[in-house]
>>> print(open('work-v6.pdb').read())   # PDB, C-alpha atoms, pLDDT in the B column
ATOM      1  CA  MET A   1      -3.478  11.893 -14.595  1.00 36.00           C
ATOM      2  CA  SER A   2      -2.247  10.510 -17.872  1.00 38.00           C
ATOM      3  CA  THR A   3      -4.039   7.945 -19.973  1.00 41.00           C
ATOM      4  CA  SER A   4      -2.786   5.094 -22.119  1.00 43.00           C
ATOM      5  CA  GLN A   5      -4.368   2.925 -24.793  1.00 43.00           C
ATOM      6  CA  ARG A   6      -4.882  -0.817 -24.471  1.00 45.00           C
ATOM      7  CA  MET A   7      -6.755  -3.387 -26.492  1.00 45.00           C
ATOM      8  CA  ASP A   8      -9.450  -5.432 -24.801  1.00 45.00           C
ATOM      9  CA  ASP A   9     -10.141  -9.109 -25.477  1.00 46.00           C
ATOM     10  CA  ASP A  10     -12.873  -8.122 -27.906  1.00 43.00           C
ATOM     11  CA  GLY A  11     -10.441  -5.981 -29.943  1.00 43.00           C
ATOM     12  CA  ARG A  12     -11.822  -2.630 -28.829  1.00 41.00           C
ATOM     13  CA  SER A  13      -9.383   0.066 -27.803  1.00 40.00           C
ATOM     14  CA  ARG A  14      -9.652   1.263 -24.185  1.00 42.00           C
ATOM     15  CA  ARG A  15      -8.274   4.325 -22.507  1.00 42.00           C
ATOM     16  CA  SER A  16      -6.876   3.317 -19.146  1.00 45.00           C
ATOM     17  CA  VAL A  17      -5.982   5.587 -16.255  1.00 46.00           C
ATOM     18  CA  GLY A  18      -2.313   5.840 -15.372  1.00 43.00           C
ATOM     19  CA  PRO A  19       0.908   5.192 -17.227  1.00 38.00           C
ATOM     20  CA  GLY A  20       0.315   1.458 -17.152  1.00 42.00           C
ATOM     21  CA  ILE A  21      -2.304  -1.067 -16.330  1.00 50.00           C
ATOM     22  CA  ARG A  22      -2.113  -4.165 -14.154  1.00 47.00           C
ATOM     23  CA  HIS A  23      -3.103  -7.143 -16.268  1.00 62.00           C
ATOM     24  CA  SER A  24      -3.396  -9.775 -13.556  1.00 85.00           C
ATOM     25  CA  ALA A  25      -6.880 -10.240 -12.159  1.00 91.00           C
ATOM     26  CA  ILE A  26      -7.627  -8.505  -8.871  1.00 94.00           C
ATOM     27  CA  PRO A  27     -10.503  -9.910  -6.808  1.00 95.00           C
ATOM     28  CA  MET A  28     -13.079  -7.289  -5.868  1.00 96.00           C
ATOM     29  CA  THR A  29     -13.179  -8.760  -2.371  1.00 95.00           C
ATOM     30  CA  GLU A  30      -9.453  -7.949  -2.045  1.00 94.00           C
ATOM     31  CA  ILE A  31     -10.053  -4.390  -3.229  1.00 95.00           C
ATOM     32  CA  ALA A  32     -12.962  -3.921  -0.796  1.00 96.00           C
ATOM     33  CA  ASP A  33     -10.951  -5.358   2.097  1.00 95.00           C
ATOM     34  CA  GLY A  34      -8.157  -2.882   1.337  1.00 93.00           C
ATOM     35  CA  LEU A  35     -10.472   0.137   1.524  1.00 94.00           C
ATOM     36  CA  VAL A  36     -11.407  -0.007   5.204  1.00 91.00           C
ATOM     37  CA  VAL A  37     -11.000   3.753   5.583  1.00 91.00           C
ATOM     38  CA  PHE A  38     -13.725   4.264   2.929  1.00 93.00           C
ATOM     39  CA  HIS A  39     -16.097   1.719   4.547  1.00 94.00           C
ATOM     40  CA  ALA A  40     -16.130  -0.216   1.279  1.00 95.00           C
ATOM     41  CA  ASN A  41     -18.551  -3.090   0.853  1.00 96.00           C
ATOM     42  CA  TRP A  42     -18.510  -5.379  -2.200  1.00 97.00           C
ATOM     43  CA  GLN A  43     -22.006  -6.459  -3.212  1.00 96.00           C
ATOM     44  CA  GLY A  44     -21.443  -8.861  -6.024  1.00 95.00           C
ATOM     45  CA  THR A  45     -20.237 -12.319  -6.898  1.00 93.00           C
ATOM     46  CA  PRO A  46     -17.342 -13.216  -4.567  1.00 91.00           C
ATOM     47  CA  ASN A  47     -15.083 -14.376  -7.405  1.00 94.00           C
ATOM     48  CA  THR A  48     -15.478 -11.212  -9.521  1.00 96.00           C
ATOM     49  CA  CYS A  49     -12.076  -9.886 -10.614  1.00 96.00           C
ATOM     50  CA  VAL A  50     -11.025  -6.777 -12.516  1.00 96.00           C
ATOM     51  CA  THR A  51      -7.980  -6.212 -14.703  1.00 93.00           C
ATOM     52  CA  GLY A  52      -8.433  -2.560 -15.639  1.00 92.00           C
ATOM     53  CA  VAL A  53     -10.426   0.622 -15.263  1.00 94.00           C
ATOM     54  CA  ALA A  54     -12.617   2.282 -17.887  1.00 94.00           C
ATOM     55  CA  ALA A  55     -15.420   4.785 -18.330  1.00 95.00           C
ATOM     56  CA  LEU A  56     -18.947   3.397 -17.979  1.00 96.00           C
ATOM     57  CA  ALA A  57     -19.552   3.611 -21.733  1.00 95.00           C
ATOM     58  CA  ASP A  58     -16.324   1.782 -22.613  1.00 94.00           C
ATOM     59  CA  ALA A  59     -16.062  -0.722 -19.778  1.00 95.00           C
ATOM     60  CA  GLY A  60     -15.976  -4.444 -20.356  1.00 94.00           C
ATOM     61  CA  PRO A  61     -16.704  -7.310 -17.965  1.00 95.00           C
ATOM     62  CA  HIS A  62     -13.214  -7.160 -16.410  1.00 94.00           C
ATOM     63  CA  ASP A  63     -13.165  -3.380 -15.926  1.00 95.00           C
ATOM     64  CA  LEU A  64     -13.855  -1.275 -12.868  1.00 96.00           C
ATOM     65  CA  SER A  65     -15.782   1.950 -13.380  1.00 97.00           C
ATOM     66  CA  LEU A  66     -17.157   4.826 -11.304  1.00 97.00           C
ATOM     67  CA  LEU A  67     -20.653   6.280 -10.882  1.00 98.00           C
ATOM     68  CA  VAL A  68     -21.048   9.536  -8.951  1.00 97.00           C
ATOM     69  CA  ASP A  69     -23.224  11.691 -11.223  1.00 96.00           C
ATOM     70  CA  PRO A  70     -26.979  10.971 -11.443  1.00 96.00           C
ATOM     71  CA  ARG A  71     -26.917  11.943 -15.134  1.00 96.00           C
ATOM     72  CA  PHE A  72     -25.172   8.596 -15.773  1.00 97.00           C
ATOM     73  CA  LEU A  73     -27.581   6.314 -13.898  1.00 97.00           C
ATOM     74  CA  LYS A  74     -29.122   4.891 -17.081  1.00 96.00           C
ATOM     75  CA  LEU A  75     -25.693   4.349 -18.634  1.00 97.00           C
ATOM     76  CA  ALA A  76     -24.503   2.598 -15.464  1.00 97.00           C
ATOM     77  CA  SER A  77     -27.495   0.258 -15.508  1.00 95.00           C
ATOM     78  CA  THR A  78     -26.606  -0.876 -19.061  1.00 96.00           C
ATOM     79  CA  SER A  79     -22.807  -0.709 -18.769  1.00 96.00           C
ATOM     80  CA  ASN A  80     -20.789  -3.869 -19.301  1.00 96.00           C
ATOM     81  CA  ALA A  81     -18.493  -2.955 -16.390  1.00 96.00           C
ATOM     82  CA  GLY A  82     -17.733  -5.914 -14.152  1.00 96.00           C
ATOM     83  CA  ALA A  83     -17.697  -3.680 -11.070  1.00 97.00           C
ATOM     84  CA  ILE A  84     -18.752  -0.104 -10.373  1.00 98.00           C
ATOM     85  CA  VAL A  85     -17.720   2.076  -7.424  1.00 98.00           C
ATOM     86  CA  VAL A  86     -20.804   3.862  -6.069  1.00 98.00           C
ATOM     87  CA  SER A  87     -22.306   5.449  -2.984  1.00 97.00           C
ATOM     88  CA  SER A  88     -25.163   3.653  -1.242  1.00 96.00           C
ATOM     89  CA  GLU A  89     -27.495   6.109  -2.980  1.00 96.00           C
ATOM     90  CA  TYR A  90     -26.836   4.470  -6.391  1.00 96.00           C
ATOM     91  CA  ALA A  91     -26.135   0.874  -5.310  1.00 95.00           C
ATOM     92  CA  ASP A  92     -29.490  -0.452  -6.554  1.00 94.00           C
ATOM     93  CA  THR A  93     -28.743   0.855 -10.057  1.00 93.00           C
ATOM     94  CA  VAL A  94     -25.754  -1.489 -10.355  1.00 94.00           C
ATOM     95  CA  SER A  95     -26.844  -4.302  -8.049  1.00 89.00           C
ATOM     96  CA  GLY A  96     -24.739  -7.408  -8.179  1.00 93.00           C
ATOM     97  CA  ARG A  97     -21.591  -5.513  -9.144  1.00 96.00           C
ATOM     98  CA  ALA A  98     -21.402  -2.586  -6.718  1.00 97.00           C
ATOM     99  CA  LEU A  99     -18.456  -1.541  -4.588  1.00 97.00           C
ATOM    100  CA  ILE A 100     -20.342   0.667  -2.155  1.00 97.00           C
ATOM    101  CA  THR A 101     -18.371   3.294  -0.294  1.00 97.00           C
ATOM    102  CA  ASP A 102     -18.872   6.530   1.625  1.00 95.00           C
ATOM    103  CA  ASP A 103     -16.715   8.479  -0.844  1.00 97.00           C
ATOM    104  CA  PRO A 104     -16.716   6.865  -4.317  1.00 97.00           C
ATOM    105  CA  ARG A 105     -14.396   9.417  -5.957  1.00 97.00           C
ATOM    106  CA  ALA A 106     -11.724   9.123  -3.280  1.00 97.00           C
ATOM    107  CA  ALA A 107     -12.059   5.330  -3.148  1.00 97.00           C
ATOM    108  CA  PHE A 108     -11.755   5.049  -6.950  1.00 97.00           C
ATOM    109  CA  ARG A 109      -8.686   7.277  -6.896  1.00 95.00           C
ATOM    110  CA  GLU A 110      -7.120   5.086  -4.212  1.00 95.00           C
ATOM    111  CA  ILE A 111      -7.885   1.927  -6.204  1.00 94.00           C
ATOM    112  CA  VAL A 112      -6.282   3.356  -9.343  1.00 92.00           C
ATOM    113  CA  ILE A 113      -3.175   4.422  -7.447  1.00 90.00           C
ATOM    114  CA  ARG A 114      -2.861   1.201  -5.461  1.00 90.00           C
ATOM    115  CA  TYR A 115      -3.642  -1.380  -8.135  1.00 88.00           C
ATOM    116  CA  PHE A 116      -3.392   0.113 -11.612  1.00 84.00           C
ATOM    117  CA  MET A 117      -0.534   2.605 -11.727  1.00 80.00           C
ATOM    118  CA  LEU A 118       3.037   1.539 -12.261  1.00 65.00           C
ATOM    119  CA  THR A 119       5.087   1.889  -9.103  1.00 60.00           C
ATOM    120  CA  ASP A 120       8.336   2.370 -10.994  1.00 59.00           C
ATOM    121  CA  PRO A 121       8.352   4.395 -14.201  1.00 57.00           C
ATOM    122  CA  PRO A 122       9.709   2.561 -17.244  1.00 59.00           C
ATOM    123  CA  ALA A 123      13.441   3.016 -17.772  1.00 65.00           C
ATOM    124  CA  GLN A 124      14.250   5.750 -20.219  1.00 68.00           C
ATOM    125  CA  HIS A 125      16.988   4.965 -22.743  1.00 65.00           C
ATOM    126  CA  HIS A 126      18.493   7.518 -25.072  1.00 63.00           C
ATOM    127  CA  ALA A 127      18.227   6.532 -28.731  1.00 66.00           C
ATOM    128  CA  THR A 128      22.034   6.614 -29.069  1.00 68.00           C
ATOM    129  CA  ALA A 129      22.701   4.471 -26.003  1.00 62.00           C
TER
END
>>> encode(input="work-v6.pdb", output="structure tokens")
Amino acid sequence: MSTSQRMDDDGRSRRSVGPGIRHSAIPMTEIADGLVVFHANWQGTPNTCVTGVAALADAGPHDLSLLVDPRFLKLASTSNAGAIVVSSEYADTVSGRALITDDPRAAFREIVIRYFMLTDPPAQHHATA
């Protein structure tokens, strides 16, 4: 999976998954409702929206992140991520902003593909065209 750079509202550079990033806000309730196969359950403020994905350490309040490794529990508890995909095992660590699912890795992958990757690659133009 490729990564691209983007600037956040606070001026920090972010690495975002995929060739592009969706900038319009996506409600977490919409994301959870679309992940029926993963038994997703949003436990957070109903109006929480995300506009990008980022690593726990780099995430801002409008980013979605992922927690699957217990080594990152402390980082997740202090992360600025607006929403974090987790299993029920780690839900208490990120209470109030947890998208709880049976398979966090697969659910996160599906979210990235469905909401944050470009569906059509940008048109390629030859420099002499």
>>> atom_distance(input="work-v6.pdb", atom1="CA of Arg105 (chain A)", atom2="CA of Ser88 (chain A)")
13.1 Å
>>> resolve_selection(input="work-v6.pdb", expression="the PyMOL selection byres ((chain A and resi 66) around 12)", output="number ranges by chain")
A: 53-59, 63-65, 67-70, 72-73, 75-76, 79, 81-87, 90-91, 94, 97-101, 103-109, 111-112
>>> resolve_selection(input="work-v6.pdb", expression="the PyMOL selection byres ((chain A and resi 49) around 12)", output="PyMOL selection string")
chain A and resi 23-32+42+44-48+50-53+60-64+81-84+97
>>> atom_distance(input="work-v6.pdb", atom1="CA of Ile113 (chain A)", atom2="CA of Gly34 (chain A)")
12.5 Å
>>> atom_distance(input="work-v6.pdb", atom1="CA of Leu35 (chain A)", atom2="CA of Glu110 (chain A)")
8.3 Å
>>> axis_aligned_box(input="work-v6.pdb", around="region 47-63 of chain A", padding_each_side="4 Å", output="JSON")
{"center_x": -13.8, "center_y": -4.8, "center_z": -15.0, "size_x": 19.6, "size_y": 27.2, "size_z": 23.2}
